[in-house]
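Below: one structure, written as structure tokens.
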Amino acid sequence: MNKVVRIFAKESFLVPIVAIILGLLVGAIAMLAGGFDPLLAYQALLKNVFGDVYNLGETIRQITPLIFTGLSVAFAFRTGLFNIGAEGQFILGMIAATYFGVTFHLPAIIHVPLTLIIGALAGGLWGAIAGYLKAVRGVHEVITTIMLNWIALYFSNYILSAFLVPAGQQRSPDVQESAMISISWLSDAFGSARMHWGTLLALLGAVVFYIILWKTKMGFELRAVGFNPHASEYAGMNVNKNVINAMFIGGIFAGLGGACEVLGVFHYQAIMAAMPGYGLDGIAVALIGGNTPLGVVLGAILFGILTFGATGMKFDAGVPIELIRVVIASVIFFVAAHGIVQILLKPFFAKRKGGE
């Protein structure tokens, strides 16, 4: 029995590793077909991420918002909902943190946590709108969250242009220094990379995700409602309330990520011509991570390395951005569609089990 358990443990470890290798191989084939050297391209990718401490620090900075939005999407998925609106919730967290960080003058010990809380609540309330429409009016959350993404983008730009951006400018003033969450000593250690406390908050968010869903009564109800709302209602659970709560909590993760991006990285917000993209990437991160908190963290690391390292492939190896997207998409495909990898590995593990 113990030998069989060890085989299954090896299988669960090997599947994502093999999936990543298959994705890179498909990407290599695409690059060869385009006349580019895949070995040189992958060397450039790794060099761009791990070549010096600055790039490593910037990669960590790139990973941080992906953890937040991945947790946002995964939390909703775990409760039977599709939160395609992490992008809008992220944007609302950004604008709320910008407004509060620019216009209020408070001691840092109050300003920082209060601004983060306001950004998180803004994202949560934005997600709760979709939850309310789903619970009360029966409107599918995929439609409402997609629409709310665009509303968030233009609403954010309106707030900026009407209340924050000086005439003739395209961005707000910097937030008050008392609201910044940058870590100067850590940034210095990483060659002036934009390191901030949001990375720690993202990791703590993964722990909170686990505690809420698997260690609390509310989490049990959220998962039960997502699994079977009719049986949950028969058991006395308030289905509508739990739908709204699930979208609210998911929005909190994304809103907090947006707040950390403003307070820790840019310290201001510019009028946006397009969405930042972290919420949409969070969908891929959640799928890669199997909608588990640890999986989301690992998925964000993988996605962050690929996206940040892609600039090295472009400038050092000459690989066009279209082929880089093929490489990233191939890796995501094989990691997310792990069933295909399991089928490929099945003969190997069947032989090992027979031998044992």
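Residues in the structure tokens are numbered from 1 in each chain, the chains being A, B, ... in the order shown, and ligands are numbered from 1 in the order shown.
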
Ile60 (chain A) surroundings by only C-alpha atoms, 9 Å radius, close-in-sequence under 5 positions cut, as number ranges by chain: A: 55, 195, 199, 301, 304-305

Surrounding residues of Asn157 (chain A) excluding itself and chain neighbours under 2 positions, 9 Å, only C-alpha atoms, as a list in words: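 Residues near the query, excluding close chain neighbours: Ile95, Ala152, Leu153, Tyr154, Phe155, Ile159, Leu160, Ser161, Ala162, Ala270, Ile271, Met272 and Ala273 of chain A.
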
Residue neighbourhood Gly226 (chain A), 6 Å, only C-alpha atoms, exclusion window fewer than 3 positions, as a PyMOL selection string: chain A and resi 79-80+223

Can you write out the residues you just picked, keeping C-alpha atoms, as a compact mmCIF listing (two decimals), in the first residue's frame?
```txt
# COMPACT_ATOMS: atom_id res chain seq x y z
CA THR A 79 -17.81 28.25 -4.85
CA GLY A 80 -19.32 27.38 -8.22
CA ARG A 223 -18.46 25.27 -1.13
```

DSSP strand (DSSP E or B) residues within region 101-284 of chain A, as a ChimeraX atom specification: /A:171,182,196,270

Residues as selected, C-alpha atoms, written as a compact mmCIF listing (two decimals), in the first residue's frame, can you do that?
```txt
# COMPACT_ATOMS: atom_id res chain seq x y z
CA ARG A 171 -1.71 60.93 -14.38
CA SER A 182 7.57 50.11 -0.83
CA HIS A 196 6.91 46.13 -1.67
CA ALA A 270 -2.48 57.20 -15.04
```

Distance query region 84-86 of chain A at most 7 Å, only C-alpha atoms, self and fewer than 4 positions along chain excluded, as a PyMOL selection string: chain A and resi 69+72-73+90+142+145-146+148-149+251+254+279

Could you turn the residues from that selection into a file that holds N, CA and C atoms, as a tab-separated table (two decimals), in the first residue's frame?
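The new file again.tsv reads:
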```tsv
chain	number	residue	atom	x	y	z
A	69	THR	N	-4.98	38.27	-8.23
A	69	THR	CA	-6.08	38.04	-9.17
A	69	THR	C	-6.35	36.55	-9.35
A	72	SER	N	-8.50	35.59	-6.52
A	72	SER	CA	-9.84	36.13	-6.74
A	72	SER	C	-10.66	35.20	-7.63
A	73	VAL	N	-10.07	34.79	-8.75
A	73	VAL	CA	-10.78	33.92	-9.69
A	73	VAL	C	-10.98	32.54	-9.07
A	90	PHE	N	-9.74	44.73	-9.75
A	90	PHE	CA	-8.36	45.20	-9.61
A	90	PHE	C	-8.29	46.70	-9.89
A	142	VAL	N	-20.90	35.62	-15.59
A	142	VAL	CA	-19.93	35.82	-16.67
A	142	VAL	C	-20.25	37.10	-17.44
A	145	THR	N	-19.81	40.31	-15.02
A	145	THR	CA	-18.41	40.63	-14.67
A	145	THR	C	-17.64	41.16	-15.87
A	146	ILE	N	-17.91	40.62	-17.06
A	146	ILE	CA	-17.25	41.16	-18.26
A	146	ILE	C	-17.66	42.62	-18.48
A	148	LEU	N	-18.81	44.69	-16.25
A	148	LEU	CA	-18.30	45.51	-15.15
A	148	LEU	C	-16.82	45.83	-15.31
A	149	ASN	N	-16.08	44.98	-16.02
A	149	ASN	CA	-14.68	45.30	-16.31
A	149	ASN	C	-14.57	46.60	-17.09
A	251	GLY	N	-13.68	39.49	-4.90
A	251	GLY	CA	-13.35	40.86	-5.28
A	251	GLY	C	-12.37	41.51	-4.33
A	254	ALA	N	-8.79	40.74	-5.44
A	254	ALA	CA	-8.37	41.53	-6.61
A	254	ALA	C	-8.21	43.00	-6.26
A	279	GLY	N	-6.12	40.95	-14.22
A	279	GLY	CA	-7.30	40.16	-13.91
A	279	GLY	C	-7.54	39.06	-14.92
```

Nearby residues (only C-alpha atoms) at most 8 Å from Ile249 (chain A), same-chain spacing under 6 positions excluded, as a PyMOL selection string: chain A and resi 72+75+124+127

Mind dumping the selected residues with C-alpha atoms as a CSV table (one decimal), in the first residue's frame?
```
chain,number,residue,atom,x,y,z
A,72,SER,CA,-9.8,36.1,-6.7
A,75,PHE,CA,-12.1,31.6,-4.8
A,124,GLY,CA,-15.1,43.5,-3.0
A,127,GLY,CA,-17.6,41.9,-7.2
```

Distance criterion (only C-alpha atoms): nearest to Val331 (chain A) out of A:Asp37, A:Thr307, A:Gly93, A:Tyr132: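 Using only C-alpha atoms, Val331 (chain A) sits closest to A:Thr307.
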
Residue neighbourhood Leu56 (chain A), 12 Å, only C-alpha atoms, exclusion window fewer than 5 positions, as a ChimeraX atom specification: /A:45-51,61-63,187,189-195,301,304-305,308-309

Preceding selection exported with N, CA and C atoms as a PDB file, in the first residue's frame:
```
ATOM      1  N   LEU A  45      15.351  33.903 -22.049  1.00  0.00           N
ATOM      2  CA  LEU A  45      14.256  33.991 -21.064  1.00  0.00           C
ATOM      3  C   LEU A  45      14.785  33.829 -19.643  1.00  0.00           C
ATOM      4  N   LEU A  46      15.586  32.778 -19.429  1.00  0.00           N
ATOM      5  CA  LEU A  46      16.122  32.527 -18.088  1.00  0.00           C
ATOM      6  C   LEU A  46      17.087  33.628 -17.661  1.00  0.00           C
ATOM      7  N   LYS A  47      17.878  34.128 -18.624  1.00  0.00           N
ATOM      8  CA  LYS A  47      18.809  35.198 -18.286  1.00  0.00           C
ATOM      9  C   LYS A  47      18.071  36.463 -17.886  1.00  0.00           C
ATOM     10  N   ASN A  48      16.954  36.732 -18.555  1.00  0.00           N
ATOM     11  CA  ASN A  48      16.197  37.938 -18.255  1.00  0.00           C
ATOM     12  C   ASN A  48      15.549  37.884 -16.875  1.00  0.00           C
ATOM     13  N   VAL A  49      15.287  36.665 -16.397  1.00  0.00           N
ATOM     14  CA  VAL A  49      14.667  36.507 -15.075  1.00  0.00           C
ATOM     15  C   VAL A  49      15.711  36.364 -13.980  1.00  0.00           C
ATOM     16  N   PHE A  50      16.702  35.520 -14.216  1.00  0.00           N
ATOM     17  CA  PHE A  50      17.667  35.178 -13.165  1.00  0.00           C
ATOM     18  C   PHE A  50      19.065  35.744 -13.423  1.00  0.00           C
ATOM     19  N   GLY A  51      19.200  36.562 -14.455  1.00  0.00           N
ATOM     20  CA  GLY A  51      20.528  37.046 -14.823  1.00  0.00           C
ATOM     21  C   GLY A  51      21.142  37.989 -13.815  1.00  0.00           C
ATOM     22  N   ARG A  61       8.037  41.158  -8.400  1.00  0.00           N
ATOM     23  CA  ARG A  61       7.042  42.229  -8.472  1.00  0.00           C
ATOM     24  C   ARG A  61       5.952  41.899  -9.485  1.00  0.00           C
ATOM     25  N   GLN A  62       6.332  41.285 -10.604  1.00  0.00           N
ATOM     26  CA  GLN A  62       5.371  40.901 -11.639  1.00  0.00           C
ATOM     27  C   GLN A  62       4.465  39.775 -11.154  1.00  0.00           C
ATOM     28  N   ILE A  63       5.003  38.885 -10.325  1.00  0.00           N
ATOM     29  CA  ILE A  63       4.239  37.734  -9.827  1.00  0.00           C
ATOM     30  C   ILE A  63       3.169  38.165  -8.823  1.00  0.00           C
ATOM     31  N   SER A 187      14.458  46.835  -1.803  1.00  0.00           N
ATOM     32  CA  SER A 187      14.680  47.328  -3.158  1.00  0.00           C
ATOM     33  C   SER A 187      16.164  47.548  -3.420  1.00  0.00           C
ATOM     34  N   ALA A 189      18.588  45.973  -1.986  1.00  0.00           N
ATOM     35  CA  ALA A 189      19.212  44.649  -2.064  1.00  0.00           C
ATOM     36  C   ALA A 189      18.988  44.008  -3.429  1.00  0.00           C
ATOM     37  N   PHE A 190      17.884  44.367  -4.092  1.00  0.00           N
ATOM     38  CA  PHE A 190      17.569  43.826  -5.412  1.00  0.00           C
ATOM     39  C   PHE A 190      17.844  44.839  -6.523  1.00  0.00           C
ATOM     40  N   GLY A 191      18.824  45.684  -6.324  1.00  0.00           N
ATOM     41  CA  GLY A 191      19.252  46.587  -7.384  1.00  0.00           C
ATOM     42  C   GLY A 191      18.227  47.620  -7.773  1.00  0.00           C
ATOM     43  N   SER A 192      17.490  48.148  -6.785  1.00  0.00           N
ATOM     44  CA  SER A 192      16.447  49.159  -6.990  1.00  0.00           C
ATOM     45  C   SER A 192      15.190  48.614  -7.673  1.00  0.00           C
ATOM     46  N   ALA A 193      14.994  47.297  -7.616  1.00  0.00           N
ATOM     47  CA  ALA A 193      13.735  46.728  -8.105  1.00  0.00           C
ATOM     48  C   ALA A 193      12.595  47.196  -7.204  1.00  0.00           C
ATOM     49  N   ARG A 194      11.391  47.246  -7.770  1.00  0.00           N
ATOM     50  CA  ARG A 194      10.250  47.818  -7.056  1.00  0.00           C
ATOM     51  C   ARG A 194       9.611  46.794  -6.127  1.00  0.00           C
ATOM     52  N   MET A 195      10.285  46.505  -5.025  1.00  0.00           N
ATOM     53  CA  MET A 195       9.806  45.529  -4.044  1.00  0.00           C
ATOM     54  C   MET A 195       8.884  46.222  -3.042  1.00  0.00           C
ATOM     55  N   ILE A 301       3.846  32.151 -10.150  1.00  0.00           N
ATOM     56  CA  ILE A 301       5.301  32.143 -10.330  1.00  0.00           C
ATOM     57  C   ILE A 301       5.655  31.730 -11.760  1.00  0.00           C
ATOM     58  N   GLY A 304       4.426  34.451 -14.170  1.00  0.00           N
ATOM     59  CA  GLY A 304       5.251  35.643 -14.026  1.00  0.00           C
ATOM     60  C   GLY A 304       6.617  35.482 -14.666  1.00  0.00           C
ATOM     61  N   ILE A 305       7.224  34.306 -14.508  1.00  0.00           N
ATOM     62  CA  ILE A 305       8.527  34.048 -15.117  1.00  0.00           C
ATOM     63  C   ILE A 305       8.414  34.077 -16.635  1.00  0.00           C
ATOM     64  N   PHE A 308       7.577  37.881 -17.776  1.00  0.00           N
ATOM     65  CA  PHE A 308       8.688  38.816 -17.598  1.00  0.00           C
ATOM     66  C   PHE A 308       9.888  38.388 -18.436  1.00  0.00           C
ATOM     67  N   GLY A 309      10.140  37.079 -18.504  1.00  0.00           N
ATOM     68  CA  GLY A 309      11.267  36.604 -19.292  1.00  0.00           C
ATOM     69  C   GLY A 309      11.067  36.739 -20.785  1.00  0.00           C
TER      70      GLY A 309
END
```
